[in-house]
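Data first, discussion second: the structure below is written as structure tokens.
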Amino acid sequence: MRPAAEGGKLWADFAPPDFPLDTFDPHQVLGLASPASADEIRRAFRRLAMRWHPDRNPSPEASERFRLIRAAHDALLVETEALESDGAARGPVEEGELEVSLEEAVLGGTKTFTVVRRHPCPVCAGEGDVPLQYSRLCEPCHGTGRLRRASGLERCGVCEGKGYRFKARCEACAGSGEEIASRELAVTLPPLSAEGRILRLQGQGPGPADGPGDLFLAIRYRDHALFTRRGIDLALEVPVSVLAWLAGDAVAIPVLGGTHRVPLRPGGGERELKLAGFGLPRPEGGRGELRVTLRPEFPQALDASALEALLRLDRSLAGDEGRHYPEVAAWRRRVQAAGAD
Ligand SMILES: [Zn+2]
Ligand SMILES: [Zn+2]
């Protein structure tokens with residue numbers, strides 16, 4: 001029987017070297033040469049999932065690696081299946097936009113897209129009105145062909161001055177001449193979908209009369225209530241307690257799809273945090289950064305015990321003023337020197 005350690009070595013024999021966690025290259029993640037077939041992508045995914053699924057692998061990086069492996073699989077498969085089916089265009093194509101939240105752009109998910117089809121109204125054949133069997137007295141002008149206006153008498157536009165109508169508005173289409181049919185489509189949005197990426201939905205084009213055709217949807221991002229976009233980077237301002245900021249406590253920073261705790265450098269001074277990999281998807285893979293501006297806030301409504309605690313701290317720091325408040329110490333020396341003159 002093989003010792004367990006040797007079993008581990010066997011993995012290294014055919015597993016690709018571990019992909020880097022700071023950049024996202026779907027081919028590199030799956031250890032595939034580009035281009036790969038859909039079957040190769042699925043096989044690579046299954047092999048890596050066996051190794052990195054968090055249920056099987058207790059190492060701390062397993063869940064992040066598994067997330068990237070799945071993202072790479074989804075991203076490559078969508079592209080590859082589109083390419084493999086990219087024969088001659090079948091039937092007419094249609095283009096549209098799929099609006100997604102920034103969270104959906106990063107995490108992926110299922111979206112609903114409403115396909116609206118407009119056909120000529122079958123009742124009025126697209127005319128918007130239908131001929132009447134018997135002519136009818138025109139209601140607005142009471143058959144006179146004229147309408148009284150402030151400026152005087154005007155020709156009635158409804159009957160064109162005839163006093164009688166030979167056509168009536170089509171009730172089926174409310175006079176628009178169009179029949180509108182809408183249909184909801186479930187669209188799979190791959191994780192890490194960059195803005196402008198095109199999703200191809202086969203057979204969902206304008207048909208069926210003209211053959212199925214394909215529907216192409218361009219991804220467009222919706223604005224976010226918290227984050228401001230700067231290209232593929234995101235910006236966020238976060239108010240923090242000035243005391244926590246000075247003490248170098250960890251602050252909870254909202255990120256797309258969750259929260260990220262960031263330890264601050266003790267002593268304050270940090271106003272900008274750059275969280276690499278927490279921005280928006282880059283078209284070529286990977287993500288931009290999240291730029292956080294920290295806004296230290298002074299505490300309000302301090303009670304007696306809080307004030308006392310602050311004073312106690314301040315007196316203890318003043319005991320070594322040269323170290324803790326060098327500017328104050330220098331200023332004090334200037335005051336003394338000025339008094340000695
Ligand atoms: Zn009609
Ligand atoms: Zn009239």
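Identifiers in the structure tokens: chain A, B, ... in order shown; residue index from 1 per chain; ligand index from 1 in order shown.
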Which chain A residues have any atom within 6 Å of an atom of ligand 2, and for each, what is the nearest pair of atoms with distance in Å to one decimal, counting only C-alpha atoms and all ligand atoms, rows sorted by chain and number, as a Markdown table?
| residue | atom | partner | partner_atom_place_in_ligand_line | distance |
| --- | --- | --- | --- | --- |
| A:Cys138 | CA | ligand 2 | 1 (Zn) | 4.5 |
| A:Pro140 | CA | ligand 2 | 1 (Zn) | 5.5 |
| A:Cys141 | CA | ligand 2 | 1 (Zn) | 4.3 |
| A:Gly143 | CA | ligand 2 | 1 (Zn) | 5.8 |
| A:Gly145 | CA | ligand 2 | 1 (Zn) | 4.5 |
| A:Cys156 | CA | ligand 2 | 1 (Zn) | 4.6 |
| A:Val158 | CA | ligand 2 | 1 (Zn) | 5.1 |
| A:Cys159 | CA | ligand 2 | 1 (Zn) | 4.1 |
| A:Gly161 | CA | ligand 2 | 1 (Zn) | 5.7 |
| A:Gly163 | CA | ligand 2 | 1 (Zn) | 4.6 |
Restricted to N, CA, C and O atoms, what would the selected residues look like written as a short mmCIF file (atom, residue, chain, number, x, y, z; two decimals), in the first residue's frame?
data_model
loop_
_atom_site.label_atom_id
_atom_site.label_comp_id
_atom_site.auth_asym_id
_atom_site.auth_seq_id
_atom_site.Cartn_x
_atom_site.Cartn_y
_atom_site.Cartn_z
N CYS A 138 -70.02 61.86 -36.58
CA CYS A 138 -68.80 62.18 -35.82
C CYS A 138 -69.20 62.84 -34.50
O CYS A 138 -69.87 63.87 -34.51
N PRO A 140 -67.32 64.31 -31.89
CA PRO A 140 -66.78 65.60 -31.43
C PRO A 140 -67.43 66.81 -32.11
O PRO A 140 -67.67 67.82 -31.47
N CYS A 141 -67.79 66.70 -33.42
CA CYS A 141 -68.34 67.87 -34.11
C CYS A 141 -69.85 67.74 -34.32
O CYS A 141 -70.46 68.59 -34.99
N GLY A 143 -71.47 65.99 -36.25
CA GLY A 143 -71.84 65.91 -37.66
C GLY A 143 -71.69 67.20 -38.44
O GLY A 143 -71.97 67.25 -39.63
N GLY A 145 -68.79 68.82 -38.91
CA GLY A 145 -67.49 68.93 -39.58
C GLY A 145 -66.65 70.06 -39.04
O GLY A 145 -65.52 70.27 -39.50
N CYS A 156 -63.00 69.97 -38.16
CA CYS A 156 -62.86 68.86 -37.22
C CYS A 156 -61.80 67.89 -37.75
O CYS A 156 -61.88 67.42 -38.89
N VAL A 158 -61.10 64.93 -36.48
CA VAL A 158 -61.47 63.52 -36.34
C VAL A 158 -62.09 62.98 -37.62
O VAL A 158 -61.75 61.92 -38.12
N CYS A 159 -63.03 63.75 -38.20
CA CYS A 159 -63.70 63.30 -39.43
C CYS A 159 -63.17 64.03 -40.65
O CYS A 159 -63.70 63.88 -41.75
N GLY A 161 -63.51 67.03 -41.41
CA GLY A 161 -64.49 67.99 -41.92
C GLY A 161 -65.70 67.35 -42.57
O GLY A 161 -66.59 68.06 -43.06
N GLY A 163 -67.97 65.28 -41.13
CA GLY A 163 -69.14 65.14 -40.27
C GLY A 163 -69.50 63.70 -39.99
O GLY A 163 -70.20 63.40 -39.04
#
Within 12 Å of ligand 1, counting only C-alpha atoms and all ligand atoms, which protein or nucleic acid residues do you find, written as a PyMOL selection string?
chain A and resi 119-131+167-180
DSSP-assigned strand (DSSP E or B) members of segment 86-280 of chain A, reported as a VMD selection string:
chain A and resid 94 to 100 109 to 120 129 to 137 146 to 149 152 to 155 164 to 169 178 to 189 198 to 201 215 to 221 228 to 230 233 to 241 250 to 255 258 to 263 272 to 280
Within 9 Å of Glu94 of chain A, counting only C-alpha atoms, which residues show up once you throw out same-chain ones fewer than 2 positions away? Write them as a count of residues only, please.
10
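Nearest residue to Ala38 of chain A among A:His73, A:Arg333, A:Arg117, A:Arg51 is A:His73, counting only C-alpha atoms.
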Contact residues around Arg42 of chain A with only C-alpha atoms at 12 Å, ignoring same-chain residues under 3 positions, as number ranges by chain:
A: 30-32, 36-39, 45-49, 69-70, 72-78, 80-81
Now that the selection is made, can you save its residues with N, CA and C atoms as a compact mmCIF listing (two decimals), in the first residue's frame?
# COMPACT_ATOMS: atom_id res chain seq x y z
N LEU A 30 -7.43 27.44 -14.43
CA LEU A 30 -7.80 26.05 -14.75
C LEU A 30 -6.62 25.25 -15.30
N GLY A 31 -5.47 25.91 -15.44
CA GLY A 31 -4.30 25.21 -15.95
C GLY A 31 -4.47 24.74 -17.39
N LEU A 32 -5.13 25.56 -18.21
CA LEU A 32 -5.44 25.16 -19.58
C LEU A 32 -4.66 26.02 -20.56
N ALA A 36 -9.21 26.31 -25.17
CA ALA A 36 -9.54 24.96 -24.74
C ALA A 36 -10.97 24.66 -25.16
N SER A 37 -11.26 23.37 -25.33
CA SER A 37 -12.63 23.02 -25.71
C SER A 37 -13.51 23.00 -24.47
N ALA A 38 -14.83 23.01 -24.69
CA ALA A 38 -15.77 23.00 -23.56
C ALA A 38 -15.55 21.77 -22.69
N ASP A 39 -15.22 20.61 -23.33
CA ASP A 39 -14.98 19.39 -22.56
C ASP A 39 -13.75 19.52 -21.68
N PHE A 45 -12.21 21.72 -14.51
CA PHE A 45 -12.98 22.21 -13.36
C PHE A 45 -13.22 21.07 -12.36
N ARG A 46 -13.63 19.91 -12.87
CA ARG A 46 -13.93 18.79 -11.96
C ARG A 46 -12.68 18.38 -11.18
N ARG A 47 -11.55 18.33 -11.87
CA ARG A 47 -10.30 17.91 -11.23
C ARG A 47 -9.93 18.89 -10.11
N LEU A 48 -10.00 20.21 -10.43
CA LEU A 48 -9.61 21.21 -9.42
C LEU A 48 -10.63 21.31 -8.30
N ALA A 49 -11.91 21.10 -8.65
CA ALA A 49 -12.94 21.17 -7.62
C ALA A 49 -12.76 20.06 -6.60
N ILE A 69 -11.95 29.18 -9.16
CA ILE A 69 -12.03 28.05 -10.10
C ILE A 69 -13.41 28.02 -10.76
N ARG A 70 -14.44 28.24 -9.93
CA ARG A 70 -15.79 28.23 -10.50
C ARG A 70 -16.01 29.42 -11.43
N ALA A 72 -13.72 30.93 -13.17
CA ALA A 72 -12.97 30.70 -14.41
C ALA A 72 -13.73 29.73 -15.30
N HIS A 73 -14.28 28.69 -14.69
CA HIS A 73 -15.06 27.69 -15.43
C HIS A 73 -16.25 28.37 -16.13
N ASP A 74 -17.00 29.18 -15.36
CA ASP A 74 -18.19 29.82 -15.94
C ASP A 74 -17.80 30.78 -17.06
N ALA A 75 -16.75 31.57 -16.79
CA ALA A 75 -16.36 32.58 -17.78
C ALA A 75 -15.91 31.92 -19.08
N LEU A 76 -15.05 30.89 -18.96
CA LEU A 76 -14.52 30.25 -20.18
C LEU A 76 -15.60 29.48 -20.93
N LEU A 77 -16.49 28.86 -20.16
CA LEU A 77 -17.50 28.03 -20.81
C LEU A 77 -18.46 28.88 -21.65
N VAL A 78 -18.84 30.03 -21.12
CA VAL A 78 -19.73 30.90 -21.88
C VAL A 78 -19.08 31.32 -23.18
N THR A 80 -16.52 29.89 -24.73
CA THR A 80 -16.20 28.77 -25.61
C THR A 80 -17.44 28.25 -26.31
N GLU A 81 -18.54 28.13 -25.56
CA GLU A 81 -19.75 27.61 -26.20
C GLU A 81 -20.25 28.57 -27.27
Using only C-alpha atoms, what does the table of segment 220-263 of chain A residues within 7 Å of segment 275-288 of chain A look like, with each row giving the shortest atom pair and its distance in Å to one decimal, sorted by chain and ascending number, as a tab-separated table?
residue	atom	partner	partner_atom	distance
A:Ile232	CA	A:Leu280	CA	4.8
A:Asp233	CA	A:Gly279	CA	4.8
A:Leu234	CA	A:Gly279	CA	5.4
A:Val255	CA	A:Phe278	CA	6.7
Convert the current residue selection to file output with N, CA, C and O atoms, as a CSV table (one decimal), in the first residue's frame.
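Full text of part22.csv as output:
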chain,number,residue,atom,x,y,z
A,232,ILE,N,-12.7,50.9,-13.4
A,232,ILE,CA,-12.9,49.6,-12.8
A,232,ILE,C,-12.6,49.6,-11.3
A,232,ILE,O,-12.7,48.6,-10.6
A,233,ASP,N,-12.2,50.8,-10.8
A,233,ASP,CA,-12.0,50.9,-9.3
A,233,ASP,C,-13.3,51.5,-8.7
A,233,ASP,O,-14.1,52.1,-9.4
A,234,LEU,N,-13.4,51.3,-7.4
A,234,LEU,CA,-14.6,51.8,-6.7
A,234,LEU,C,-14.0,52.7,-5.6
A,234,LEU,O,-13.0,52.5,-5.0
A,255,VAL,N,-17.9,45.8,1.2
A,255,VAL,CA,-17.4,45.5,-0.1
A,255,VAL,C,-18.5,44.9,-0.9
A,255,VAL,O,-19.6,44.5,-0.3
